[in-house]
Amino acid sequence: MPEPERLVSILVIRGPERHDALTSPPPPLPSSVLGALVQRAGCAGQTLAVRSCGSTTEVLTALRLANEWGVRATLLDPGALTDHPLLQRAVQGLAHPYVEVHDTLDEGALPAATGRRLAVVDGYGARSYALALEIALEQLGCAECECDVHVGT
């Protein structure tokens with residue numbers, strides 16, 4: 001029996017920017033950036049979904065679901081949770097590669113040997129997500145397509 005078609009092949013998981021009792025999801029990605037990410041993924045034959053999480057529990061749930069859904073790659077912006085041991089353990093359990101994304105340089109990164117991390121992209125603002133997507137598409141072998149994409153130029 002053939003495997004069912006994947007509904008989401010690339011999942012963007014964004015963690016909370018603060019780690020306190022009143023956590024809330026990060027601000028939404030600008031619509032122009034989100035539109036460009038979806039268009040680029042689609043051009044490469046992939047689907048993309050974004051999950052903005054307001055708590056550690058939501059991030060952990062999103063990572064668990066990424067495995068259950070058979071996601072091919074994750075773009076993970078852990079936000080303020082980079083030092084959280086449960087997040088580090090959950091990332092170790094990912095069945096697929098991920099790219100760690102930070103839009104500013106002042107955010108810490110997960111430890112170097114955490115799971116199947118392909119790269120850490122940080123300090124490029126919202127363009128960090130575009131670069132992370134290109135890295136994921138390259139890993140998946142579908143970066144070449146009819147789209148004319150230039151990251152960072």
# chains A, B, ... in the order shown; residues from 1 in each chain; ligands from 1
>>> select_by_dssp(residues="segment 75-118 of chain A", states="alpha helix (DSSP H)", output="PDB file with C-alpha atoms, in the first residue's frame")
ATOM      1  CA  PRO A  85      16.487  20.579  28.885  1.00  0.00           C
ATOM      2  CA  LEU A  86      13.100  19.243  27.719  1.00  0.00           C
ATOM      3  CA  LEU A  87      13.458  21.078  24.413  1.00  0.00           C
ATOM      4  CA  GLN A  88      16.986  19.759  23.961  1.00  0.00           C
ATOM      5  CA  ARG A  89      15.752  16.220  24.611  1.00  0.00           C
ATOM      6  CA  ALA A  90      12.804  16.620  22.222  1.00  0.00           C
ATOM      7  CA  VAL A  91      15.095  17.873  19.453  1.00  0.00           C
ATOM      8  CA  GLN A  92      17.304  14.812  19.990  1.00  0.00           C
TER       9      GLN A  92
END
>>> residues_around(residues="Ala132 of chain A", least_positions_apart="6", cutoff="8 Å", atoms="only C-alpha atoms", output="ChimeraX atom specification")
/A:75,99-101,119,121
>>> closest_residue(among="A:Leu48, A:Leu11, A:Cys43, A:Leu37", to="Leu65 of chain A", atoms="only C-alpha atoms")
A:Leu11
>>> closest_residue(among="A:Gly15, A:Pro27, A:Gly93, A:Gly79", to="Val59 of chain A", atoms="only C-alpha atoms")
A:Gly15
>>> closest_residue(among="A:Thr82, A:Thr61, A:Gln139, A:Thr23", to="Asp106 of chain A", atoms="only C-alpha atoms")
A:Thr82
>>> closest_residue(among="A:Pro28, A:Gly35, A:Gly42, A:Pro16", to="Ala143 of chain A", atoms="only C-alpha atoms")
A:Gly42
>>> atom_distance(atom1="atom CA of Asp103 of chain A", atom2="atom CA of Arg117 of chain A")
17.1 Å
>>> residues_around(residues="Arg40 of chain A", least_positions_apart="2", cutoff="9 Å", atoms="only C-alpha atoms", output="number ranges by chain")
A: 35-38, 42-46, 130, 133-134, 147, 149
